[in-house]
Each structure stands twice: as structure tokens, then as C-alpha cells.
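These notes concern the structure reproduced below.
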Amino acid sequence: MAETGVIIVAGGAGRRMGGAMPKQFMMLGNMPVLARTINLMREALPAAQIVVVLPEAHMELWRNLAARFDVAPHKTAAGGSERFHSVRNGLAALDGEVRYIAVHDAVRPLLSKRLVIRLMLEAERCDAVIPAVAPADSCRVTDGDGSRIIDRQKLRLIQTPQVFRAEVLRKAYEQPFSPLFTDDASVVEASGYSVTLCDGERENIKITTPTDLVFAEAIIAATENDS
């Protein structure tokens with residue numbers, strides 16, 4: 001996968017997590033969340049270029065933190081006001097010769113290498129591939145008059161990494177920002193390309209709240225016990 005680029009978006013302020021430190025820098029097991037994510041992507045894609053996009057205000061914090069742990073080689077780029085602008089800055093930091101680009105949330109450190117590789121292989125057959133899981137709970141949609149049940153079999157919860165042919169993603173990010181862009185797949189769809197769904201993993205949780213951090217610790221402990 002030498003022609004692969006990875007953009008890890010670490011721009012969150014962590015308001016829902018609480019505390020003084022953004023969630024991507026919090027400890028998970030024996031290392032920061034972001035370090036785990038970088039190392040996992042490096043293990044899955046040893047030859048990939050990795051760019052970590054951080055808020056300008058957190059660049060020095062991350063340099064100091066990364067120096068204390070065994071973190072795989074990576075470049076950093078300054079983020080923007082929205083995720084859209086952060087990913088666009090990450091694209092500019094990647095070398096032009098990459099053919100495939102994976103965009104991943106920094107706070108999803110528990111995905112498997114198997115999922116990363118499966119997504120990369122699928123990307124060779126389509127413009128864009130994104131991991132998704134079916135909701136386990138009943139779902140309702142709300143409106144001004146209350147709510148109504150909807151068929152959860154038709155719903156999918158979207159995860160990262162989302163993988164794209166490089167020329168598709170670069171072209172998509174030439175368009176102006178829209179508040180309707182919720183992830184990279186929505187940016188690509190808005191530029192006229194189709195998106196393919198691939199089975200995700202329930203363990204690939206996004207660490208957003210203190211409870212998520214507890215779940216992540218439990219998943220790591222269970223994995224270590226099974227190994």
C-alpha cells in the first residue's frame with residue numbers, strides 16, 4: 001500500500017468529554033488516544049504516508065506528548081474552522097503521487113487492521129468506500145408533532161476510516177464548504193460520485209464522552225485477555 005495516504009483528523013475540542021485536555025490526547029491504557037490511532041494505521045498500512053491534522057493551538061502540546069511515547073512516524077498539519085477545512089489542509093500535506101486516501105477520526109483507536117485492509121482492497125473497485133454498521137436499537141424520527149417509528153433495517157451508522165481514490169477526494173474538496181457536509185463521504189457525494197458501504201465493526205467506537213473511554217478500556221482489556 002505504498003501509494004496510500006492517511007489523514008487522521010484530530011481537531012476536536014472535546015467539550016462533551018469535559019476536563020482540561022481534548023479527548024484525542026487523553027490516556028487510553030498506556031498511551032494517548034491519538035498515539036494508539038496513529039500506530040494502528042501504521043501497522044495496517046506500513047508504507048502509507050500519515051498526516052495528523054491538529055488545531056494550531058495544540059501542535060506544541062502534541063509534539064511534547066508524542067516525544068514521551070513510541071509513536072509511529074507521521075507529519076502534522078494545522079486544522080481549520082470546520083472538519084472540511086481540516087481535511088483539505090491534510091490533503092495539501094500529502095504527496096501528490098498517492099492513489100488512495102483514507103480519512104480517519106483520531107478518536108477511533110480501536111478498529112482492527114483487518115477492517116483497514118478490507119476497506120483499502122474495496123477501494124480498488126470503486127470511487128469511495130465507507131464502513132457502516134446497522135443500529136441495534138429501535139429508531140424514531142422526530143418532527144413538530146412528536147415522533148414516529150422508522151425501519152432500522154434501512155439505517156446505517158457510519159464510521160471511519162473512509163477510503164477514496166485520491167483524485168476523487170481531491171476534486172471533491174475543491175468545492176466550497178457547505179454545512180450539509182457531515183463527513184468526507186458527503187463531500188464526495190456532493191461532487192457527483194457514488195459511495196459504497198462496507199461492513200464496519202461495533203468495536204470501532206468514537207470516543208466522545210467519559211463513558212466511551214470506559215468502554216474503550218474494557219474492549220482493550222478483553223482483547224488483551226483473548227490474546
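Residues in the C-alpha cells are named by chain (A, B, ... in the order shown) and by number from 1 within that chain; ligands are numbered from 1 in the order shown.
All residues of segment 100-172 of chain A that DSSP, run on the backbone, classes as strand (DSSP E or B) are A:Tyr100, A:Ile101, A:Ala102, A:Val103, A:His104, A:Asp105, A:Ala128, A:Val129, A:Ile130, A:Pro131, A:Ala132, A:Val133, A:Cys139, A:Arg140, A:Val141, A:Thr142, A:Asp143, A:Gly146, A:Ser147, A:Arg148, A:Ile149, A:Ile150, A:Leu157, A:Ile158, A:Gln162, A:Val163, A:Phe164, A:Arg165.
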**OP:** Compile the contact shell of segment 178-194 of chain A as a PyMOL selection string: residues with an atom at most 8 Å away, counting only C-alpha atoms, same-chain residues fewer than 2 positions apart removed.
**Re:** chain A and resi 83-84+103+127-128+130+162+168-169+171-173+175-176+196
Deliver the residues from the most recent selection as a file, using N, CA, C and O atoms, as a PDB file, in the first residue's frame.
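This went into again.pdb:
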```
ATOM      1  N   ARG A  83     -14.358  20.608  10.084  1.00  0.00           N
ATOM      2  CA  ARG A  83     -13.692  19.382   9.651  1.00  0.00           C
ATOM      3  C   ARG A  83     -13.337  19.463   8.165  1.00  0.00           C
ATOM      4  O   ARG A  83     -12.266  19.019   7.746  1.00  0.00           O
ATOM      5  N   PHE A  84     -14.225  20.019   7.365  1.00  0.00           N
ATOM      6  CA  PHE A  84     -13.989  20.179   5.928  1.00  0.00           C
ATOM      7  C   PHE A  84     -12.652  20.857   5.678  1.00  0.00           C
ATOM      8  O   PHE A  84     -11.837  20.389   4.873  1.00  0.00           O
ATOM      9  N   VAL A 103      -9.328   8.618   5.307  1.00  0.00           N
ATOM     10  CA  VAL A 103      -9.542   9.691   6.282  1.00  0.00           C
ATOM     11  C   VAL A 103     -10.159   9.067   7.531  1.00  0.00           C
ATOM     12  O   VAL A 103     -11.198   8.393   7.449  1.00  0.00           O
ATOM     13  N   ASP A 127     -15.088   4.328  -6.298  1.00  0.00           N
ATOM     14  CA  ASP A 127     -14.585   5.671  -6.028  1.00  0.00           C
ATOM     15  C   ASP A 127     -14.387   5.928  -4.552  1.00  0.00           C
ATOM     16  O   ASP A 127     -13.446   6.615  -4.147  1.00  0.00           O
ATOM     17  N   ALA A 128     -15.319   5.405  -3.746  1.00  0.00           N
ATOM     18  CA  ALA A 128     -15.305   5.697  -2.316  1.00  0.00           C
ATOM     19  C   ALA A 128     -15.930   4.539  -1.569  1.00  0.00           C
ATOM     20  O   ALA A 128     -16.950   3.989  -1.999  1.00  0.00           O
ATOM     21  N   ILE A 130     -16.975   3.305   2.553  1.00  0.00           N
ATOM     22  CA  ILE A 130     -17.048   3.729   3.948  1.00  0.00           C
ATOM     23  C   ILE A 130     -17.615   2.594   4.794  1.00  0.00           C
ATOM     24  O   ILE A 130     -18.492   1.857   4.358  1.00  0.00           O
ATOM     25  N   GLN A 162     -12.764   6.327   6.108  1.00  0.00           N
ATOM     26  CA  GLN A 162     -13.423   6.367   4.813  1.00  0.00           C
ATOM     27  C   GLN A 162     -12.321   6.466   3.764  1.00  0.00           C
ATOM     28  O   GLN A 162     -11.415   7.289   3.896  1.00  0.00           O
ATOM     29  N   VAL A 168     -10.534  11.516  -6.724  1.00  0.00           N
ATOM     30  CA  VAL A 168     -11.928  11.768  -6.358  1.00  0.00           C
ATOM     31  C   VAL A 168     -11.999  12.686  -5.144  1.00  0.00           C
ATOM     32  O   VAL A 168     -12.739  13.678  -5.122  1.00  0.00           O
ATOM     33  N   LEU A 169     -11.223  12.362  -4.111  1.00  0.00           N
ATOM     34  CA  LEU A 169     -11.261  13.161  -2.884  1.00  0.00           C
ATOM     35  C   LEU A 169     -10.710  14.562  -3.119  1.00  0.00           C
ATOM     36  O   LEU A 169     -11.272  15.554  -2.626  1.00  0.00           O
ATOM     37  N   LYS A 171     -10.684  16.298  -5.906  1.00  0.00           N
ATOM     38  CA  LYS A 171     -11.654  17.071  -6.683  1.00  0.00           C
ATOM     39  C   LYS A 171     -12.825  17.495  -5.804  1.00  0.00           C
ATOM     40  O   LYS A 171     -13.303  18.632  -5.894  1.00  0.00           O
ATOM     41  N   ALA A 172     -13.292  16.586  -4.944  1.00  0.00           N
ATOM     42  CA  ALA A 172     -14.437  16.900  -4.076  1.00  0.00           C
ATOM     43  C   ALA A 172     -14.123  18.076  -3.165  1.00  0.00           C
ATOM     44  O   ALA A 172     -14.987  18.927  -2.902  1.00  0.00           O
ATOM     45  N   TYR A 173     -12.884  18.149  -2.675  1.00  0.00           N
ATOM     46  CA  TYR A 173     -12.527  19.209  -1.743  1.00  0.00           C
ATOM     47  C   TYR A 173     -12.146  20.512  -2.429  1.00  0.00           C
ATOM     48  O   TYR A 173     -11.743  21.470  -1.766  1.00  0.00           O
ATOM     49  N   GLN A 175     -14.601  22.045  -3.994  1.00  0.00           N
ATOM     50  CA  GLN A 175     -15.864  22.767  -3.912  1.00  0.00           C
ATOM     51  C   GLN A 175     -15.940  23.572  -2.618  1.00  0.00           C
ATOM     52  O   GLN A 175     -15.226  23.297  -1.649  1.00  0.00           O
ATOM     53  N   PRO A 176     -16.811  24.572  -2.573  1.00  0.00           N
ATOM     54  CA  PRO A 176     -16.937  25.388  -1.356  1.00  0.00           C
ATOM     55  C   PRO A 176     -17.539  24.581  -0.209  1.00  0.00           C
ATOM     56  O   PRO A 176     -18.259  23.599  -0.425  1.00  0.00           O
ATOM     57  N   THR A 196     -19.772   3.556  -1.714  1.00  0.00           N
ATOM     58  CA  THR A 196     -20.050   2.147  -1.436  1.00  0.00           C
ATOM     59  C   THR A 196     -19.936   1.884   0.058  1.00  0.00           C
ATOM     60  O   THR A 196     -18.973   2.330   0.694  1.00  0.00           O
TER      61      THR A 196
END
```
**OP:** Rank A:Arg156, A:Arg63, A:Val133, A:Val33 by their smallest atom-to-atom distance to Glu217 of chain A, using only C-alpha atoms, and report the top residue only.
**Re:** A:Val33
Original post:
Contacts of segment 203-209 of chain A at 12 Å or less, counting only C-alpha atoms, minus same-chain residues fewer than 5 places along, as an MDAnalysis selection string?
Top reply: chainID A and resid 10 12:19 22:28 33:34 37 104:116 131:133 157:161 214:220 222:223
Subject >> Residues near segment 50-60 of chain A, cut-off 9 Å, only C-alpha atoms, skip fewer than 2 positions along chain, as a count of residues only >> reply: 35
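The coordinates place atom CA of Phe164 of chain A at 14.0 Å from atom CA of Glu97 of chain A.
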**OP:** Step one, run DSSP on the backbone; step two, keep only residues of segment 10-210 of chain A assigned to helix (DSSP H, G or I); then write them as a VMD selection string.
**Re:** chain A and resid 23 to 25 33 to 44 56 to 66 83 to 93 113 to 123 152 to 154 166 to 172 184 to 190 210
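Once Asn30 of chain A and its same-chain neighbours fewer than 4 positions away are set aside, Ala35, Arg36 and Phe69 of chain A remain within 10 Å of it when counting only C-alpha atoms.
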Original post:
How many Å lie between atom CA of Glu122 of chain A and atom CA of Leu155 of chain A, rounded to one decimal?
Top reply: 21.3 Å
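For the residues A:Asp199, A:Asp70, A:Glu3, A:Glu82, ranking by smallest atom-to-atom distance to Val129 of chain A using only C-alpha atoms places A:Asp199 first.
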